[in-house]
file final26.cif (mmCIF, C-alpha atoms and all ligand atoms)
data_coords
loop_
_atom_site.label_atom_id
_atom_site.label_comp_id
_atom_site.auth_asym_id
_atom_site.auth_seq_id
_atom_site.Cartn_x
_atom_site.Cartn_y
_atom_site.Cartn_z
CA MET A 1 -23.40 -31.54 -86.96
CA ARG A 2 -19.71 -31.78 -86.12
CA SER A 3 -17.39 -29.01 -87.37
CA LEU A 4 -13.77 -27.99 -86.80
CA ILE A 5 -13.68 -24.42 -85.54
CA ASP A 6 -10.89 -24.62 -82.97
CA ILE A 7 -8.20 -27.29 -82.69
CA THR A 8 -9.46 -28.10 -79.17
CA ASP A 9 -12.67 -29.38 -80.78
CA PHE A 10 -10.64 -32.56 -81.28
CA SER A 11 -9.42 -34.75 -78.44
CA THR A 12 -5.78 -35.86 -78.26
CA ALA A 13 -6.89 -39.32 -79.39
CA GLU A 14 -8.57 -37.78 -82.44
CA LEU A 15 -5.45 -35.76 -83.31
CA ASP A 16 -3.32 -38.89 -82.99
CA ALA A 17 -5.78 -40.83 -85.18
CA LEU A 18 -5.67 -38.10 -87.86
CA ILE A 19 -1.86 -38.26 -87.88
CA LYS A 20 -1.99 -42.04 -88.26
CA SER A 21 -4.54 -41.75 -91.06
CA ALA A 22 -2.49 -39.06 -92.89
CA CYS A 23 0.64 -41.23 -92.68
CA ASP A 24 -1.26 -44.14 -94.22
CA ILE A 25 -2.72 -41.93 -96.97
CA SER A 26 0.76 -40.64 -97.87
CA LYS A 27 2.11 -44.22 -98.05
CA HIS A 28 -0.83 -45.72 -99.98
CA PRO A 29 -2.49 -42.92 -101.98
CA LYS A 30 -4.10 -45.35 -104.47
CA ARG A 31 -6.12 -46.97 -101.70
CA TYR A 32 -7.83 -43.63 -101.06
CA ALA A 33 -8.31 -42.49 -104.65
CA LYS A 34 -12.07 -43.21 -104.73
CA LYS A 35 -13.04 -42.75 -101.09
CA CYS A 36 -14.94 -39.51 -101.72
CA ARG A 37 -16.46 -40.33 -105.09
CA GLY A 38 -19.74 -38.43 -105.45
CA LYS A 39 -18.92 -36.02 -102.61
CA THR A 40 -18.26 -32.31 -102.97
CA LEU A 41 -16.07 -29.93 -100.98
CA ALA A 42 -16.81 -26.18 -101.11
CA THR A 43 -13.92 -23.80 -100.45
CA LEU A 44 -15.23 -20.36 -99.42
CA PHE A 45 -12.24 -18.04 -99.16
CA PHE A 46 -13.07 -14.45 -98.20
CA GLU A 47 -9.33 -13.81 -97.66
CA PRO A 48 -6.29 -14.63 -99.84
CA SER A 49 -4.70 -18.07 -99.64
CA THR A 50 -2.38 -20.30 -101.63
CA ARG A 51 -1.66 -23.36 -99.46
CA THR A 52 -4.83 -23.81 -97.48
CA ARG A 53 -7.29 -23.47 -100.34
CA LEU A 54 -5.26 -25.37 -102.91
CA SER A 55 -4.29 -28.14 -100.50
CA PHE A 56 -7.95 -28.58 -99.52
CA GLU A 57 -8.89 -28.78 -103.18
CA ALA A 58 -6.00 -31.14 -104.00
CA ALA A 59 -6.99 -33.27 -100.99
CA MET A 60 -10.59 -33.67 -102.18
CA LEU A 61 -9.56 -34.31 -105.80
CA GLU A 62 -7.05 -36.98 -104.70
CA LEU A 63 -9.87 -38.63 -102.73
CA GLY A 64 -11.91 -38.80 -105.93
CA GLY A 65 -14.35 -36.04 -104.94
CA ASN A 66 -15.37 -32.74 -106.49
CA VAL A 67 -14.62 -29.16 -105.51
CA LEU A 68 -16.38 -25.83 -105.98
CA GLY A 69 -16.06 -22.43 -104.37
CA PHE A 70 -14.55 -18.97 -104.59
CA SER A 71 -11.19 -17.48 -103.71
CA ASP A 72 -12.19 -13.85 -103.39
CA ALA A 73 -14.99 -12.30 -101.35
CA ASP A 74 -15.64 -9.81 -104.16
CA SER A 75 -16.62 -12.63 -106.53
CA SER A 76 -19.23 -13.92 -104.05
CA SER A 77 -22.53 -12.37 -102.97
CA ALA A 78 -20.82 -11.15 -99.79
CA ALA A 79 -19.94 -8.17 -102.01
CA LYS A 80 -23.72 -7.50 -102.25
CA GLY A 81 -24.14 -7.74 -98.49
CA GLU A 82 -25.03 -11.42 -98.00
CA SER A 83 -24.42 -12.60 -94.45
CA ILE A 84 -22.08 -15.43 -93.46
CA SER A 85 -25.06 -17.40 -92.12
CA ASP A 86 -26.99 -17.16 -95.38
CA THR A 87 -23.90 -18.07 -97.40
CA ALA A 88 -23.34 -21.15 -95.22
CA LYS A 89 -27.00 -22.23 -95.49
CA VAL A 90 -26.99 -21.87 -99.28
CA VAL A 91 -23.66 -23.61 -99.88
CA SER A 92 -24.86 -26.49 -97.68
CA CYS A 93 -27.32 -27.20 -100.54
CA TYR A 94 -24.45 -27.68 -103.00
CA ALA A 95 -21.68 -29.35 -100.99
CA ASP A 96 -21.15 -32.12 -98.43
CA ILE A 97 -18.46 -30.25 -96.51
CA ILE A 98 -17.24 -26.62 -96.43
CA ALA A 99 -13.78 -25.18 -95.76
CA MET A 100 -14.08 -21.47 -95.05
CA ARG A 101 -11.57 -18.67 -94.50
CA HIS A 102 -12.78 -15.26 -93.37
CA PHE A 103 -11.16 -12.06 -92.14
CA LYS A 104 -13.53 -11.74 -89.15
CA GLU A 105 -12.72 -13.50 -85.86
CA GLY A 106 -15.45 -16.03 -85.09
CA ALA A 107 -16.78 -16.22 -88.68
CA ALA A 108 -16.38 -20.01 -88.86
CA TYR A 109 -18.46 -20.42 -85.71
CA VAL A 110 -21.26 -18.36 -87.26
CA ALA A 111 -21.12 -20.51 -90.42
CA ALA A 112 -21.18 -23.73 -88.39
CA ASN A 113 -24.33 -22.61 -86.55
CA ALA A 114 -26.13 -22.02 -89.84
CA ALA A 115 -24.76 -24.79 -92.10
CA THR A 116 -26.27 -28.25 -92.45
CA VAL A 117 -22.92 -29.78 -93.44
CA PRO A 118 -19.59 -29.76 -91.52
CA ILE A 119 -17.66 -26.47 -91.53
CA ILE A 120 -13.88 -26.47 -91.36
CA ASN A 121 -12.28 -23.25 -90.16
CA ALA A 122 -9.54 -22.45 -92.69
CA GLY A 123 -8.55 -19.32 -90.72
CA ASP A 124 -10.72 -16.65 -89.03
CA GLY A 125 -8.94 -13.31 -88.84
CA GLY A 126 -6.14 -13.29 -86.26
CA HIS A 127 -7.96 -15.90 -84.15
CA CYS A 128 -7.44 -19.58 -85.13
CA HIS A 129 -6.17 -21.77 -87.97
CA PRO A 130 -6.73 -25.36 -86.83
CA THR A 131 -5.95 -27.13 -90.11
CA GLN A 132 -2.54 -25.44 -90.27
CA THR A 133 -1.95 -27.00 -86.86
CA LEU A 134 -2.73 -30.40 -88.34
CA ALA A 135 0.04 -29.80 -90.90
CA ASP A 136 2.38 -28.63 -88.13
CA LEU A 137 1.67 -31.69 -85.98
CA LEU A 138 2.30 -34.16 -88.78
CA THR A 139 5.60 -32.46 -89.63
CA ILE A 140 6.75 -32.52 -86.01
CA TYR A 141 5.61 -36.14 -85.64
CA ARG A 142 7.54 -37.23 -88.72
CA HIS A 143 10.75 -35.63 -87.49
CA LYS A 144 10.52 -36.18 -83.74
CA GLY A 145 8.30 -39.26 -83.46
CA GLY A 146 5.93 -37.51 -81.01
CA PHE A 147 5.37 -34.33 -79.02
CA ASP A 148 6.18 -35.09 -75.39
CA ASN A 149 9.20 -33.31 -73.84
CA LEU A 150 9.84 -31.01 -76.81
CA THR A 151 11.00 -27.41 -76.48
CA VAL A 152 9.19 -25.35 -79.11
CA GLY A 153 10.07 -21.74 -79.92
CA PHE A 154 7.45 -19.53 -81.60
CA CYS A 155 9.04 -16.47 -83.17
CA GLY A 156 7.61 -13.32 -84.78
CA ASP A 157 4.03 -12.07 -84.70
CA LEU A 158 2.52 -14.00 -81.82
CA LYS A 159 -0.31 -11.50 -81.39
CA TYR A 160 -1.96 -11.81 -84.80
CA GLY A 161 -0.40 -15.13 -85.85
CA ARG A 162 -3.46 -17.41 -85.78
CA THR A 163 -1.36 -20.46 -86.61
CA VAL A 164 0.60 -19.95 -83.39
CA HIS A 165 -2.58 -19.68 -81.31
CA SER A 166 -3.88 -23.00 -82.63
CA ALA A 167 -0.49 -24.77 -82.47
CA ILE A 168 -0.02 -23.87 -78.80
CA ALA A 169 -3.53 -25.09 -77.97
CA ALA A 170 -2.72 -28.44 -79.59
CA LEU A 171 0.74 -28.83 -78.03
CA SER A 172 -0.69 -28.07 -74.58
CA ARG A 173 -2.36 -31.50 -74.78
CA TYR A 174 0.98 -33.32 -74.68
CA LYS A 175 3.34 -34.01 -71.78
CA ASN A 176 6.09 -31.65 -70.69
CA VAL A 177 6.10 -29.48 -73.83
CA LYS A 178 8.07 -26.30 -73.10
CA VAL A 179 7.24 -23.19 -75.10
CA VAL A 180 9.55 -20.24 -75.76
CA LEU A 181 7.69 -17.15 -76.99
CA ILE A 182 9.96 -14.87 -79.03
CA SER A 183 8.42 -11.59 -80.19
CA PRO A 184 8.65 -7.80 -79.99
CA GLU A 185 6.79 -6.40 -76.96
CA GLU A 186 3.94 -5.14 -79.19
CA LEU A 187 3.36 -8.58 -80.72
CA LYS A 188 3.31 -10.78 -77.62
CA LEU A 189 0.96 -13.75 -77.39
CA PRO A 190 -2.55 -12.66 -76.22
CA ASP A 191 -3.17 -13.27 -72.52
CA TYR A 192 -6.30 -15.34 -73.14
CA ILE A 193 -4.20 -18.07 -74.78
CA LYS A 194 -1.85 -18.16 -71.80
CA THR A 195 -4.85 -18.45 -69.45
CA GLU A 196 -6.88 -20.90 -71.52
CA ASN A 197 -4.20 -23.16 -72.95
CA MET A 198 -0.92 -22.70 -71.12
CA ALA A 199 -1.88 -23.08 -67.46
CA ASN A 200 -0.11 -26.44 -67.31
CA MET A 201 2.73 -25.59 -69.70
CA GLN A 202 6.14 -24.26 -68.86
CA TYR A 203 6.78 -21.16 -70.97
CA THR A 204 9.15 -18.19 -71.17
CA GLU A 205 8.96 -14.93 -73.12
CA THR A 206 11.85 -13.08 -74.73
CA THR A 207 12.57 -10.58 -77.49
CA SER A 208 15.86 -12.27 -78.45
CA LEU A 209 15.93 -15.25 -80.82
CA SER A 210 19.70 -15.70 -80.65
CA SER A 211 19.66 -16.03 -76.85
CA VAL A 212 17.32 -19.07 -76.96
CA ILE A 213 17.85 -20.74 -80.35
CA GLY A 214 20.33 -23.27 -78.93
CA SER A 215 17.68 -24.72 -76.57
CA LEU A 216 15.00 -25.39 -79.20
CA ASP A 217 13.88 -28.70 -80.76
CA ILE A 218 11.43 -26.85 -83.01
CA LEU A 219 11.67 -23.25 -84.23
CA TYR A 220 8.32 -22.04 -85.57
CA MET A 221 8.93 -18.81 -87.50
CA THR A 222 6.03 -16.54 -88.46
CA ARG A 223 5.45 -13.56 -90.73
CA ILE A 224 4.61 -10.18 -89.23
CA GLN A 225 0.94 -9.96 -90.31
CA ARG A 226 0.79 -6.63 -92.15
CA GLU A 227 -2.94 -6.95 -92.92
CA ARG A 228 -3.91 -7.11 -89.22
CA PHE A 229 -2.25 -3.83 -88.13
CA ASP A 230 -4.47 -0.79 -87.53
CA ASP A 231 -1.42 1.51 -87.75
CA ALA A 232 0.85 0.96 -90.80
CA SER A 233 3.74 2.80 -89.14
CA VAL A 234 3.86 0.17 -86.36
CA TYR A 235 4.11 -2.56 -89.01
CA GLU A 236 6.95 -0.68 -90.74
CA ARG A 237 8.84 -0.47 -87.45
CA LEU A 238 8.40 -4.14 -86.58
CA LYS A 239 8.49 -5.88 -89.95
CA ASP A 240 12.18 -6.80 -89.88
CA SER A 241 12.28 -7.84 -86.21
CA TYR A 242 13.51 -11.37 -86.96
CA ILE A 243 15.35 -12.67 -90.01
CA LEU A 244 16.65 -16.24 -89.75
CA THR A 245 19.93 -16.70 -91.63
CA PRO A 246 22.48 -19.56 -91.91
CA LYS A 247 24.74 -17.57 -89.54
CA LYS A 248 22.02 -17.41 -86.86
CA LEU A 249 21.45 -21.16 -87.23
CA GLU A 250 25.05 -21.92 -86.23
CA LYS A 251 23.97 -21.91 -82.57
CA ALA A 252 20.94 -24.18 -83.14
CA LYS A 253 20.78 -27.93 -82.49
CA ALA A 254 21.81 -30.12 -85.43
CA ASP A 255 18.37 -31.79 -85.45
CA MET A 256 16.21 -28.72 -84.78
CA CYS A 257 13.22 -28.48 -87.14
CA ILE A 258 12.45 -25.11 -88.69
CA LEU A 259 8.74 -24.71 -89.34
CA HIS A 260 6.84 -21.82 -90.93
CA PRO A 261 3.17 -21.88 -91.98
CA LEU A 262 4.10 -19.76 -95.01
CA PRO A 263 3.83 -17.45 -96.86
CA ARG A 264 7.13 -15.93 -95.77
CA VAL A 265 8.13 -12.37 -96.50
CA ASN A 266 11.75 -12.05 -95.38
CA GLU A 267 11.79 -13.67 -91.93
CA ILE A 268 13.62 -16.75 -93.24
CA SER A 269 16.46 -16.05 -95.65
CA VAL A 270 16.18 -18.10 -98.87
CA ALA A 271 19.70 -19.39 -98.09
CA VAL A 272 18.18 -21.38 -95.18
CA ASP A 273 16.04 -23.44 -97.60
CA ASP A 274 18.96 -25.77 -98.34
CA ASP A 275 19.58 -26.46 -94.66
CA PRO A 276 18.38 -30.01 -93.77
CA ARG A 277 16.60 -28.50 -90.76
CA ALA A 278 14.26 -26.48 -93.02
CA CYS A 279 10.92 -28.34 -92.96
CA TYR A 280 8.49 -25.66 -94.16
CA PHE A 281 7.90 -26.90 -97.70
CA GLU A 282 7.42 -30.44 -96.42
CA GLN A 283 4.97 -28.90 -93.91
CA ALA A 284 2.90 -27.55 -96.82
CA LEU A 285 2.79 -31.05 -98.35
CA ASN A 286 1.83 -32.55 -94.99
CA GLY A 287 -1.07 -30.09 -94.94
CA LYS A 288 -2.58 -31.86 -97.93
CA TYR A 289 -2.35 -35.31 -96.28
CA MET A 290 -3.85 -34.06 -93.02
CA ARG A 291 -6.69 -32.34 -94.89
CA MET A 292 -7.37 -35.62 -96.72
CA ALA A 293 -7.55 -37.39 -93.36
CA LEU A 294 -9.81 -34.65 -92.02
CA ILE A 295 -12.24 -34.75 -94.96
CA LEU A 296 -12.46 -38.53 -94.61
CA LYS A 297 -13.11 -38.26 -90.89
CA PHE A 298 -15.93 -35.77 -91.35
CA LEU A 299 -17.61 -37.51 -94.24
CA LYS A 300 -17.39 -40.88 -92.47
CA HIS A 301 -18.69 -39.64 -89.14
CA LYS A 302 -21.20 -37.08 -90.34
CA LYS A 303 -23.63 -37.89 -87.58
CA GLU A 304 -21.15 -37.71 -84.69
CA LYS A 305 -22.82 -35.96 -81.81
CA GLU A 306 -22.23 -32.33 -81.11
CA ASN A 307 -20.18 -31.31 -78.10
CA SER A 308 -22.83 -29.37 -76.23
CA GLU A 309 -21.91 -26.84 -73.56
CA GLU A 310 -25.34 -25.17 -73.55
CA SER A 311 -25.50 -24.74 -69.78
CA ASN A 312 -22.39 -22.54 -69.78
CA LEU A 313 -23.64 -20.26 -72.54
CA ILE A 314 -24.95 -16.74 -71.91
CA LYS A 315 -27.05 -15.58 -74.84
CA ASN A 316 -27.82 -12.00 -75.86
CA LYS A 317 -26.99 -10.42 -72.51
CA ILE A 318 -23.37 -9.42 -73.16
CA PHE A 319 -21.98 -7.82 -76.31
CA CYS A 320 -18.44 -8.37 -77.57
CA GLN A 321 -16.23 -5.26 -77.58
CA ASN A 322 -13.60 -6.63 -80.00
CA PRO A 323 -13.91 -4.51 -83.19
CA LYS A 324 -12.58 -7.43 -85.24
CA CYS A 325 -15.21 -9.87 -83.92
CA VAL A 326 -17.73 -11.18 -86.44
CA THR A 327 -20.58 -10.10 -84.12
CA GLN A 328 -19.79 -6.46 -85.00
CA THR A 329 -20.88 -6.94 -88.61
CA GLU A 330 -23.03 -10.06 -89.00
CA GLN A 331 -26.76 -9.16 -89.02
CA GLU A 332 -29.18 -10.46 -86.35
CA ILE A 333 -26.63 -12.74 -84.78
CA GLU A 334 -26.92 -14.27 -81.31
CA HIS A 335 -24.40 -12.70 -78.95
CA ILE A 336 -23.07 -15.70 -77.03
CA PHE A 337 -20.57 -15.79 -74.19
CA LYS A 338 -19.14 -18.93 -72.58
CA ALA A 339 -18.87 -18.81 -68.79
CA ASP A 340 -15.84 -20.19 -66.98
CA LYS A 341 -17.18 -20.25 -63.45
CA THR A 342 -13.92 -21.51 -61.91
CA GLN A 343 -12.08 -18.42 -63.18
CA GLY A 344 -15.06 -16.10 -62.76
CA ILE A 345 -14.86 -14.87 -66.35
CA CYS A 346 -16.73 -15.27 -69.60
CA ARG A 347 -15.51 -15.08 -73.18
CA CYS A 348 -17.13 -14.37 -76.52
CA ILE A 349 -17.85 -17.76 -78.11
CA TYR A 350 -16.84 -16.38 -81.52
CA CYS A 351 -13.48 -14.65 -80.89
CA ASP A 352 -12.56 -15.54 -77.25
CA THR A 353 -12.45 -11.91 -76.10
CA GLN A 354 -13.05 -11.70 -72.35
CA SER A 355 -16.09 -9.75 -71.12
CA GLN A 356 -15.70 -7.12 -68.42
CA GLN A 357 -19.28 -7.84 -67.25
CA LYS A 358 -18.61 -10.28 -64.38
CA GLU A 359 -22.05 -9.86 -62.80
CA GLU A 360 -23.57 -12.12 -65.48
CA LEU A 361 -21.90 -15.13 -63.84
N1 LIG B 401 -0.36 -21.30 -94.12
C1 LIG B 401 -1.39 -20.71 -94.78
O1 LIG B 401 -2.49 -20.54 -94.23
O2 LIG B 401 -1.08 -20.31 -96.04
P1 LIG B 401 -2.12 -19.63 -97.05
O3 LIG B 401 -2.47 -18.28 -96.47
O4 LIG B 401 -1.39 -19.53 -98.36
O5 LIG B 401 -3.33 -20.50 -97.12
#

call {"tool": "encode", "arguments": {"input": "final26.cif", "output": "structure tokens", "more": "lines below"}}
Ligand code: CP
result
Amino acid sequence: MRSLIDITDFSTAELDALIKSACDISKHPKRYAKKCRGKTLATLFFEPSTRTRLSFEAAMLELGGNVLGFSDADSSSAAKGESISDTAKVVSCYADIIAMRHFKEGAAYVAANAATVPIINAGDGGHCHPTQTLADLLTIYRHKGGFDNLTVGFCGDLKYGRTVHSAIAALSRYKNVKVVLISPEELKLPDYIKTENMANMQYTETTSLSSVIGSLDILYMTRIQRERFDDASVYERLKDSYILTPKKLEKAKADMCILHPLPRVNEISVAVDDDPRACYFEQALNGKYMRMALILKFLKHKKEKENSEESNLIKNKIFCQNPKCVTQTEQEIEHIFKADKTQGICRCIYCDTQSQQKEEL
């Protein structure tokens, strides 16, 4: 059963086809109005959401399908201790496809292993958010006509910002994309993303937005993710690190696109909303079209074969040390690590944390 857990589950050709499909859906919505008649999408949201959940639901409704689900873990049987695996198995009996958001890193992978219908990762803790990347890609495509040769600045919380992790993984597929990482020292991009996704990308790191803004084709602002901090005082110190204002934009290119996955707190001044370079509300709309294209893809190709990497998997010999990994709380779960023999390392299949136990290779 094919699922979308990480944006790299899709090839570049598949991403390009989704963009093409979303463009067609946005131009000819009536042609798609009955495509999912008789099908049901379940939205299982264990964490708050406005855009992702509602755009998934709007997407399915505009395709003529049905939606069911919950928007709060406390209103589901997770509050009584039900596991993610059991929830996924049960909801597979009621729906043809499931979009799930969870606060634990790797939760979507657990659900995909148990479900009998496709699982779409709608955000797993600070790890990944592949469908936000679909919205980001369509927005960039519509403004720049493609992705090759762009200089993209990611600004804010690059440590916990799951949308950044997925966007970089997607952009690494294209030619000569340069990335500028702008963050406080404490919120730098995790090393595993640099190793896994950026080996062939040119990138620089800085703490200063104003020193690099003039070089950017895309500025991707992010919120400092209060809910991911273990120490509230660190959040308080960092929360106002970057605030984009019309004054700061004076040095930016006239055709730079400003993206933000939203919600924003204060990192983009409301005064910027009227600037023609502000694309973040359009990005939210594009999210709906890309999710329509995604639902259609999965329901059309339900039997597409699984991408099996069984021979590189190490099962139940290594245990993940990341306290935010889903393996710390899910009952009777397989502990699976993926070996990268060329680098001599292995990573937790759920949250990508690297193991220190090299002897297993
Ligand atoms: N961009 C995004 O994931 O927004 P929500 O948290 O509102 O879904």

call {"tool": "closest_residue", "arguments": {"input": "final26.cif", "among": "A:Ala122, A:Ala115, A:Ala252, A:Ile213", "to": "ligand LIG 401 (chain B)", "atoms": "all atoms listed in the file"}}
result
A:Ala122

call {"tool": "residues_near_ligand", "arguments": {"input": "final26.cif", "ligand": "ligand LIG 401 (chain B)", "cutoff": "9 Å", "atoms": "only C-alpha atoms and all ligand atoms", "output": "PyMOL selection string"}}
result
chain A and resi 47-55+101+122-123+129+131-132+163+260-263+284+287

call {"tool": "residues_near_point", "arguments": {"input": "final26.cif", "point": "(15.0, -29.0, -83.6)", "cutoff": "8 Å", "atoms": "only C-alpha atoms", "output": "MDAnalysis selection string"}}
result
chainID A and resid 216:219 252:258 277

call {"tool": "closest_residue", "arguments": {"input": "final26.cif", "among": "A:Ile314, A:Val212, A:Cys128, A:Ala232", "to": "Leu249 (chain A)", "atoms": "all atoms listed in the file"}}
result
A:Val212

call {"tool": "atom_distance", "arguments": {"input": "final26.cif", "atom1": "CA of Lys194 (chain A)", "atom2": "CA of Phe281 (chain A)"}}
result
29.0 Å

call {"tool": "atom_distance", "arguments": {"input": "final26.cif", "atom1": "CA of Val177 (chain A)", "atom2": "CA of Asn149 (chain A)"}}
result
4.9 Å

call {"tool": "residues_around", "arguments": {"input": "final26.cif", "residues": "Lys39 (chain A)", "least_positions_apart": "3", "cutoff": "12 Å", "atoms": "all atoms listed in the file", "output": "ChimeraX atom specification"}}
result
/A:34-36,42,60-61,63-68,94-98,117,295-296,298-300

call {"tool": "write_last_selection", "arguments": {"input": "final26.cif", "atoms": "C-alpha atoms", "output": "PDB file, keeping the file's coordinate frame"}}
result
ATOM      1  CA  LYS A  34     -12.070 -43.210-104.730  1.00  0.00           C
ATOM      2  CA  LYS A  35     -13.040 -42.750-101.090  1.00  0.00           C
ATOM      3  CA  CYS A  36     -14.940 -39.510-101.720  1.00  0.00           C
ATOM      4  CA  ALA A  42     -16.810 -26.180-101.110  1.00  0.00           C
ATOM      5  CA  MET A  60     -10.590 -33.670-102.180  1.00  0.00           C
ATOM      6  CA  LEU A  61      -9.560 -34.310-105.800  1.00  0.00           C
ATOM      7  CA  LEU A  63      -9.870 -38.630-102.730  1.00  0.00           C
ATOM      8  CA  GLY A  64     -11.910 -38.800-105.930  1.00  0.00           C
ATOM      9  CA  GLY A  65     -14.350 -36.040-104.940  1.00  0.00           C
ATOM     10  CA  ASN A  66     -15.370 -32.740-106.490  1.00  0.00           C
ATOM     11  CA  VAL A  67     -14.620 -29.160-105.510  1.00  0.00           C
ATOM     12  CA  LEU A  68     -16.380 -25.830-105.980  1.00  0.00           C
ATOM     13  CA  TYR A  94     -24.450 -27.680-103.000  1.00  0.00           C
ATOM     14  CA  ALA A  95     -21.680 -29.350-100.990  1.00  0.00           C
ATOM     15  CA  ASP A  96     -21.150 -32.120 -98.430  1.00  0.00           C
ATOM     16  CA  ILE A  97     -18.460 -30.250 -96.510  1.00  0.00           C
ATOM     17  CA  ILE A  98     -17.240 -26.620 -96.430  1.00  0.00           C
ATOM     18  CA  VAL A 117     -22.920 -29.780 -93.440  1.00  0.00           C
ATOM     19  CA  ILE A 295     -12.240 -34.750 -94.960  1.00  0.00           C
ATOM     20  CA  LEU A 296     -12.460 -38.530 -94.610  1.00  0.00           C
ATOM     21  CA  PHE A 298     -15.930 -35.770 -91.350  1.00  0.00           C
ATOM     22  CA  LEU A 299     -17.610 -37.510 -94.240  1.00  0.00           C
ATOM     23  CA  LYS A 300     -17.390 -40.880 -92.470  1.00  0.00           C
TER      24      LYS A 300
END

call {"tool": "residues_around", "arguments": {"input": "final26.cif", "residues": "Arg142 (chain A)", "least_positions_apart": "4", "cutoff": "12 Å", "atoms": "all atoms listed in the file", "output": "PyMOL selection string"}}
result
chain A and resi 19-20+22-23+26+135-138+146-147+257+279+282-283+286

call {"tool": "axis_aligned_box", "arguments": {"input": "final26.cif", "around": "region 109-115 of chain A", "padding_each_side": "3 Å", "output": "lines of an AutoDock Vina configuration file"}}
result
center_x = -22.3
center_y = -21.6
center_z = -88.9
size_x = 13.7
size_y = 12.4
size_z = 12.4

call {"tool": "atom_distance", "arguments": {"input": "final26.cif", "atom1": "CA of Ser211 (chain A)", "atom2": "CA of Ser183 (chain A)"}}
result
12.5 Å

call {"tool": "closest_residue", "arguments": {"input": "final26.cif", "among": "A:Arg291, A:Lys188, A:Arg237, A:His28", "to": "Leu134 (chain A)", "atoms": "all atoms listed in the file"}}
result
A:Arg291

call {"tool": "closest_residue", "arguments": {"input": "final26.cif", "among": "A:Ser355, A:Thr12, A:Ser172, A:Thr43", "to": "Ala199 (chain A)", "atoms": "all atoms listed in the file"}}
result
A:Ser172

call {"tool": "residues_around", "arguments": {"input": "final26.cif", "residues": "Ala169 (chain A)", "least_positions_apart": "5", "cutoff": "12 Å", "atoms": "only C-alpha atoms", "output": "PyMOL selection string"}}
result
chain A and resi 6-12+127-130+133-134+137+162-164+174+177+179+192-201

call {"tool": "closest_residue", "arguments": {"input": "final26.cif", "among": "A:Leu294, A:Ala88, A:Ala170, A:Ile119", "to": "Leu18 (chain A)", "atoms": "all atoms listed in the file"}}
result
A:Leu294

call {"tool": "residues_around", "arguments": {"input": "final26.cif", "residues": "Glu334 (chain A)", "least_positions_apart": "3", "cutoff": "12 Å", "atoms": "all atoms listed in the file", "output": "MDAnalysis selection string"}}
result
chainID A and resid 85 109:110 113:114 313:320 326:331 337 348:350

call {"tool": "write_last_selection", "arguments": {"input": "final26.cif", "atoms": "C-alpha atoms", "output": "short mmCIF file (atom, residue, chain, number, x, y, z; two decimals), keeping the file's coordinate frame"}}
result
data_model
loop_
_atom_site.label_atom_id
_atom_site.label_comp_id
_atom_site.auth_asym_id
_atom_site.auth_seq_id
_atom_site.Cartn_x
_atom_site.Cartn_y
_atom_site.Cartn_z
CA SER A 85 -25.06 -17.40 -92.12
CA TYR A 109 -18.46 -20.42 -85.71
CA VAL A 110 -21.26 -18.36 -87.26
CA ASN A 113 -24.33 -22.61 -86.55
CA ALA A 114 -26.13 -22.02 -89.84
CA LEU A 313 -23.64 -20.26 -72.54
CA ILE A 314 -24.95 -16.74 -71.91
CA LYS A 315 -27.05 -15.58 -74.84
CA ASN A 316 -27.82 -12.00 -75.86
CA LYS A 317 -26.99 -10.42 -72.51
CA ILE A 318 -23.37 -9.42 -73.16
CA PHE A 319 -21.98 -7.82 -76.31
CA CYS A 320 -18.44 -8.37 -77.57
CA VAL A 326 -17.73 -11.18 -86.44
CA THR A 327 -20.58 -10.10 -84.12
CA GLN A 328 -19.79 -6.46 -85.00
CA THR A 329 -20.88 -6.94 -88.61
CA GLU A 330 -23.03 -10.06 -89.00
CA GLN A 331 -26.76 -9.16 -89.02
CA PHE A 337 -20.57 -15.79 -74.19
CA CYS A 348 -17.13 -14.37 -76.52
CA ILE A 349 -17.85 -17.76 -78.11
CA TYR A 350 -16.84 -16.38 -81.52
#

call {"tool": "residues_around", "arguments": {"input": "final26.cif", "residues": "Phe154 (chain A)", "least_positions_apart": "6", "cutoff": "7 Å", "atoms": "only C-alpha atoms", "output": "NGL selection string"}}
result
:A and (180-182 or 219-221)

call {"tool": "closest_residue", "arguments": {"input": "final26.cif", "among": "A:Ile5, A:Leu171, A:Ile140, A:Ile345", "to": "Gly106 (chain A)", "atoms": "all atoms listed in the file"}}
result
A:Ile5

call {"tool": "residues_near_point", "arguments": {"input": "final26.cif", "point": "(-1.3, -8.5, -85.7)", "cutoff": "6 Å", "atoms": "all atoms listed in the file", "output": "list in words"}}
result
Lys159, Tyr160, Gln225, Arg228 and Phe229 of chain A

call {"tool": "decode", "arguments": {"input": "final26.cif", "residues": "region 319-323 of chain A", "atoms": "N, CA and C atoms", "output": "CSV table (one decimal), in the first residue's frame"}}
result
chain,number,residue,atom,x,y,z
A,319,PHE,N,17.7,0.7,19.5
A,319,PHE,CA,16.6,1.4,20.0
A,319,PHE,C,16.8,2.9,19.9
A,320,CYS,N,15.8,3.6,19.4
A,320,CYS,CA,16.0,5.1,19.2
A,320,CYS,C,16.1,5.8,20.5
A,321,GLN,N,17.1,6.8,20.6
A,321,GLN,CA,17.3,7.5,21.8
A,321,GLN,C,16.6,8.9,21.8
A,322,ASN,N,15.9,9.2,20.7
A,322,ASN,CA,15.2,10.5,20.6
A,322,ASN,C,14.0,10.5,21.4
A,323,PRO,N,13.9,11.3,22.5
A,323,PRO,CA,12.7,11.3,23.4
A,323,PRO,C,11.4,11.6,22.7
